Every structure is written in C-alpha cells, then in structure tokens.
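Peer 1: Once you've had a glance at the structure underneath, I'll fire off some questions.
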Amino acid sequence: MPLFHIMVVALVQGITEFLPISSSGHLILVPSLTGWSDQGLTIDVAAHVGTLAAVLAYFWRDAGRMVAGIVRLPGGRLDDGAKLAGHILIATLPAIIVGGLIQHFLGESLRSMHVVAWTMIGFAVVLYAADRLGATFRRIEHMSLGQALIIGVAQTLAFVPGTSRSGITMVAARLLGYERPEAARFSFLLSIPAIAAAGLLEGYGLLKNGNAQEFHDVASTAALSAIAGFAAIAFMMRWLQSSNFTIFVIYRLLLGGVLLYLIYLRGF
C-alpha cells in the first residue's frame with residue numbers, strides 16, 4: 001500500500017475518531033472520493049488501534065485508576081476506578097450484541113456514500129438539539145449503571161456509518177445532564193474495549209497470514225493514527241472547556257450537502 005495512502009487513512013482516522021463527525025464515514029469516503037482501492041479492514045483496524053494508543057496515553061490516569069480498581073475488587077474494595085471500569089463494561093455490552101447482529105444480517109451493505117451523506121445531515125441536527133437541550137451539572141463520578149447502559153445503547157447507532165461513535169455517545173451523555181468535557185471524556189474512554197477487541201481479533205489474523213509488507217503498513221498506520229488521535233483528543237478536550245458542538249454541526253451539514261450534490265447531480 002503506498003505510503004501516501006497510509007498517511008491519509010491514518011490521519012483521517014486519528015482526527016475524526018474523536019471529533020463528532022464520524023471516522024467510519026470518512027474512511028468510507030477516502031476510496032470513494034479519491035478513486036483508490038479500499039484500504040481494507042486490516043488497515044482500518046490498525047488505524048483504530050492507533051487511536052486506542054492515543055486514548056490510553058491521554059487518559060493514562062483514568063486507565064490506571066480502572067486497572068487498580070479492578071485489581072482491588074477481589075479484596076472487597078469498590079473504589080471510583082472500579083466503578084468507572086464497570087460503567088465502561090456495561091456501556092460496551094449493547095455494542096457487542098448489536099454489532100454481531102449487524103455483521104450477520106447486513107454485512108458491508110451500510111458502507112456507502114449515500115448512507116454517509118444522509119447520516120451526516122441527520123445526526124448534525126441531533127447533535128445540535130442535544131447540545132442545546134442538555135443540562136450541565138453532572139460529572140462521570142455521578143454516573144449510575146442505568147445511565148451507562150443508556151449511553152451504551154446510543155453507541156449502537158454508530159454502526160450506521162456517518163453517525164459518529166463519539167458524537168452519539170456525547171449526545172446521550174449531554175441529554176443525561178453531563179458537562180461537555182465529561183461527556184467527551186466518558187465517550188473516549190468507552191472506545192477502549194471495542195477497539196482493543198477488534199485489534200486483537202485482526203492482529204491474530206495478521207500474525208497467522210500476514211507478510212512483511214502488511215506488517216509494515218499496519219505499523220505505519222497505527223503510529224500515524226496515534227499521533228493524530230492524541231492531537232485530536234487534546235484539541236477536543238480544550239475546545240469543550242469553553243465552547244459547544246456548533247462548529248461540528250456546521251461541518252457535518254456542509255459535508256452532507258456536498259456529498260448529496262456529488263451523488264445526485266454529479267453521479268458519484
């Protein structure tokens with residue numbers, strides 16, 4: 001795979017994974033708009049593993065607290081770290097169930113520019129409404145298992161390309177009353193189990209059947225995606241300290257409009 005192609009895919013994934021504009025939608029658009037061959041699932045997963053490294057690096061304190069909390073559980077101690085790990089686990093369960101059903105019944109049928117165009121616009125409206133209607137008085141420490149489950153159910157909508165996993169989980173958290181930075185923080189931490197599982201599964205297949213060139217492509221993609229992802233997280237967390245989601249709503253509407261123009265007037 002050409003180095004420039006790898007760089008584009010890695011940067012697109014790294015940046016868009018943590019902004020509410022849909023990384024899966026943008027990864028579908030790369031081959032559609034450039035005429036390149038599809039980069040394939042292995043490269044997509046490698047790019048996601050890079051963003052996993054970015055999350056762990058940026059939120060190392062939260063990750064450490066969760067690990068320490070889990071280690072203490074056998075001794076009968078339930079601290080904030082263990083509670084956060086439990087909320088992440090509960091919120092991940094719906095995605096495991098729904099993801100398996102979608103893969104079985106729909107396969108790759110949702111991976112199209114048409115789907116991305118309409119979901120870009122539709123969920124721009126949802127993001128704007130939730131950000132305006134949502135209160136701002138809760139932090140992650142206030143979360144209940146029920147609220148975690150609601151956010152997890154919302155996350156299943158992200159299997160439709162163009163929705164945005166980070167976007168839809170932040171929407172759910174905002175509607176539950178969480179502050180913008182806290183909604184983003186939980187959303188980013190919630191990406192850890194799903195990306196780790198996909199990375200392990202695809203990594204196992206690569207170890208069995210991969211060649212030297214594939215290993216090089218995967219390593220390059222993951223490294224570049226991690227750098228871009230870390231920068232995107234830092235930007236998003238700083239942005240939400242004093243701003244709202246409107247800029248991302250505008251971007252989604254503009255991109256969706258351009259895609260509809262290309263599809264229906266230019267025959268893409």
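Each chain in the structure tokens gets a letter, A, B, ..., in the order shown, and its residues are numbered from 1; ligands are numbered from 1 in order too.
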Which polymer residues have any atom within 6 Å of an atom of range 91-101 of chain A, counting only C-alpha atoms, with same-chain residues fewer than 5 positions away left out, as JSON, numbers by chain?
Peer 2: {"A": [148, 149, 152, 153, 156]}
Peer 1: So that I have them on file, write out the residues from the current selection with N, CA, C and O atoms, as a PDB file, in the first residue's frame.
Peer 2:
```pdb
ATOM      1  N   ALA A 148     -25.071   4.595  32.272  1.00  0.00           N
ATOM      2  CA  ALA A 148     -24.034   3.987  31.438  1.00  0.00           C
ATOM      3  C   ALA A 148     -24.660   3.100  30.369  1.00  0.00           C
ATOM      4  O   ALA A 148     -24.217   3.091  29.205  1.00  0.00           O
ATOM      5  N   LEU A 149     -25.683   2.359  30.752  1.00  0.00           N
ATOM      6  CA  LEU A 149     -26.357   1.479  29.793  1.00  0.00           C
ATOM      7  C   LEU A 149     -27.045   2.286  28.702  1.00  0.00           C
ATOM      8  O   LEU A 149     -27.016   1.907  27.517  1.00  0.00           O
ATOM      9  N   GLY A 152     -24.522   3.327  26.325  1.00  0.00           N
ATOM     10  CA  GLY A 152     -24.116   2.156  25.552  1.00  0.00           C
ATOM     11  C   GLY A 152     -25.107   1.809  24.459  1.00  0.00           C
ATOM     12  O   GLY A 152     -24.721   1.442  23.346  1.00  0.00           O
ATOM     13  N   VAL A 153     -26.394   1.914  24.766  1.00  0.00           N
ATOM     14  CA  VAL A 153     -27.422   1.661  23.745  1.00  0.00           C
ATOM     15  C   VAL A 153     -27.311   2.695  22.627  1.00  0.00           C
ATOM     16  O   VAL A 153     -27.418   2.373  21.443  1.00  0.00           O
ATOM     17  N   THR A 156     -24.746   2.021  19.885  1.00  0.00           N
ATOM     18  CA  THR A 156     -25.036   1.051  18.826  1.00  0.00           C
ATOM     19  C   THR A 156     -25.451   1.733  17.522  1.00  0.00           C
ATOM     20  O   THR A 156     -25.305   1.155  16.447  1.00  0.00           O
TER      21      THR A 156
END
```
Peer 1: Need to verify the contact set: Arg238 in chain A, 12 Å, only C-alpha atoms, exclusion of same-chain residues closer than 5 positions in sequence. Can you return it as a list of chain:residue names?
Peer 2: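 Using only C-alpha atoms, the neighbours found are A:Arg180, A:Pro181, A:Glu182, A:Ala184, A:Arg185, A:Ala231, A:Ala232, A:Ile233, A:Ser243, A:Asn244.
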Peer 1: Among the residues of range 11-249 of chain A, find those DSSP assigns to alpha helix (DSSP H) from the backbone and print them as a PyMOL selection string.
Peer 2: chain A and resi 11-16+23-34+40-58+60-72+80-105+113-133+145-155+165-175+180-209+212-242+246-249
Peer 1: Mind running range 37-123 of chain A against range 140-147 of chain A at 8 Å and telling me each contacting residue's nearest atom pair with the distance in Å (one decimal), counting only C-alpha atoms, chain and number ascending, as a Markdown table?
Peer 2:
```
| residue | atom | partner | partner_atom | distance |
| --- | --- | --- | --- | --- |
| A:Asp80 | CA | A:Glu141 | CA | 7.4 |
| A:Leu84 | CA | A:Glu141 | CA | 7.9 |
| A:Gly86 | CA | A:Leu145 | CA | 8.0 |
| A:His87 | CA | A:Leu145 | CA | 5.9 |
| A:Ile90 | CA | A:Leu145 | CA | 7.1 |
```
Peer 1: Using only C-alpha atoms, which of A:Ser166, A:Ser187, A:Ser225, A:Ser23 sits nearest Ala54 in chain A?
Peer 2: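 Going through A:Ser166, A:Ser187, A:Ser225, A:Ser23 one by one, the smallest distance to Ala54 in chain A is for A:Ser225.
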Peer 1: Which residues are near Thr136 in chain A? Cut-off 7 Å, only C-alpha atoms, ignore same chain within fewer than 4 positions. Put them as a PyMOL selection string.
Peer 2: chain A and resi 177-179
Peer 1: Between CA of Leu176 in chain A and CA of Gly14 in chain A, what is the spacing in Å?
Peer 2: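 Separating CA of Gly14 in chain A from CA of Leu176 in chain A is a distance of 27.5 Å.
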Peer 1: What's around range 57-59 of chain A at 12 Å? Count only C-alpha atoms, leave out sequence neighbours fewer than 5 positions away in its own chain, and write the answer as a compact mmCIF listing (two decimals) with N, CA and C atoms, in the first residue's frame.
Peer 2:
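Below is the file part-v2.txt, written as the result:
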```txt
# COMPACT_ATOMS: atom_id res chain seq x y z
N GLY A 50 -4.29 2.58 16.59
CA GLY A 50 -3.51 3.79 16.84
C GLY A 50 -4.27 4.78 17.71
N THR A 51 -5.58 4.93 17.44
CA THR A 51 -6.38 5.84 18.26
C THR A 51 -6.57 5.30 19.68
N LEU A 52 -6.56 3.96 19.82
CA LEU A 52 -6.61 3.36 21.16
C LEU A 52 -5.37 3.77 21.96
N GLY A 64 -5.23 3.98 34.52
CA GLY A 64 -4.56 3.42 35.70
C GLY A 64 -5.51 3.21 36.86
N ARG A 65 -6.42 4.17 37.07
CA ARG A 65 -7.41 4.06 38.14
C ARG A 65 -8.32 2.85 37.91
N MET A 66 -8.70 2.62 36.66
CA MET A 66 -9.58 1.49 36.37
C MET A 66 -8.86 0.16 36.62
N ALA A 184 -17.38 14.04 26.74
CA ALA A 184 -16.30 13.65 25.83
C ALA A 184 -15.37 12.66 26.51
N ARG A 185 -15.04 12.90 27.77
CA ARG A 185 -14.13 12.02 28.50
C ARG A 185 -14.68 10.60 28.57
N PHE A 186 -15.96 10.45 28.93
CA PHE A 186 -16.54 9.11 29.00
C PHE A 186 -16.61 8.48 27.61
N SER A 187 -16.97 9.27 26.61
CA SER A 187 -17.04 8.77 25.24
C SER A 187 -15.70 8.21 24.78
N PHE A 188 -14.63 8.93 25.06
CA PHE A 188 -13.31 8.49 24.62
C PHE A 188 -12.87 7.24 25.38
N LEU A 189 -13.13 7.19 26.68
CA LEU A 189 -12.79 6.00 27.46
C LEU A 189 -13.60 4.80 27.00
N LEU A 190 -14.83 5.04 26.56
CA LEU A 190 -15.70 3.96 26.10
C LEU A 190 -15.18 3.30 24.83
N SER A 191 -14.31 3.99 24.11
CA SER A 191 -13.75 3.40 22.88
C SER A 191 -12.75 2.30 23.18
N ILE A 192 -12.22 2.24 24.38
CA ILE A 192 -11.13 1.31 24.69
C ILE A 192 -11.51 -0.16 24.48
N ALA A 226 -2.06 7.20 15.90
CA ALA A 226 -1.91 7.51 17.32
C ALA A 226 -1.51 8.97 17.53
N ILE A 227 -0.60 9.46 16.71
CA ILE A 227 -0.16 10.85 16.83
C ILE A 227 -1.31 11.81 16.53
N GLY A 229 -4.49 11.11 16.60
CA GLY A 229 -5.54 10.92 17.59
C GLY A 229 -5.26 11.66 18.88
N PHE A 230 -4.03 11.63 19.33
CA PHE A 230 -3.67 12.33 20.56
C PHE A 230 -3.90 13.84 20.40
N ALA A 231 -3.50 14.36 19.23
CA ALA A 231 -3.70 15.79 18.97
C ALA A 231 -5.19 16.13 18.93
N ALA A 232 -6.01 15.23 18.34
CA ALA A 232 -7.44 15.48 18.25
C ALA A 232 -8.10 15.46 19.63
N ILE A 233 -7.68 14.53 20.49
CA ILE A 233 -8.23 14.47 21.85
C ILE A 233 -7.90 15.75 22.60
N ALA A 234 -6.62 16.15 22.52
CA ALA A 234 -6.19 17.36 23.22
C ALA A 234 -6.98 18.58 22.75
N PHE A 235 -7.19 18.66 21.43
CA PHE A 235 -7.98 19.78 20.89
C PHE A 235 -9.41 19.73 21.40
N MET A 236 -10.02 18.55 21.34
CA MET A 236 -11.43 18.42 21.71
C MET A 236 -11.65 18.75 23.19
N MET A 237 -10.79 18.24 24.04
CA MET A 237 -10.96 18.49 25.47
C MET A 237 -10.77 19.97 25.80
```
Peer 1: Near range 113-115 of chain A, counting only C-alpha atoms, which residues have an atom at most 9 Å away, once you skip same-chain residues fewer than 3 positions from it, shown as a VMD selection string?
Peer 2: chain A and resid 25 28 to 29 32 110 118 to 120 160 to 162 259 to 260 263 268
Peer 1: If I take CA of Lys83 in chain A and CA of Ile168 in chain A, how far is one from the other in Å, to one decimal?
Peer 2: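 One can read the CA of Lys83 in chain A to CA of Ile168 in chain A distance as 22.4 Å.
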Peer 1: CA of Ala228 in chain A and CA of Thr16 in chain A are how many Å apart?
Peer 2: 9.2 Å
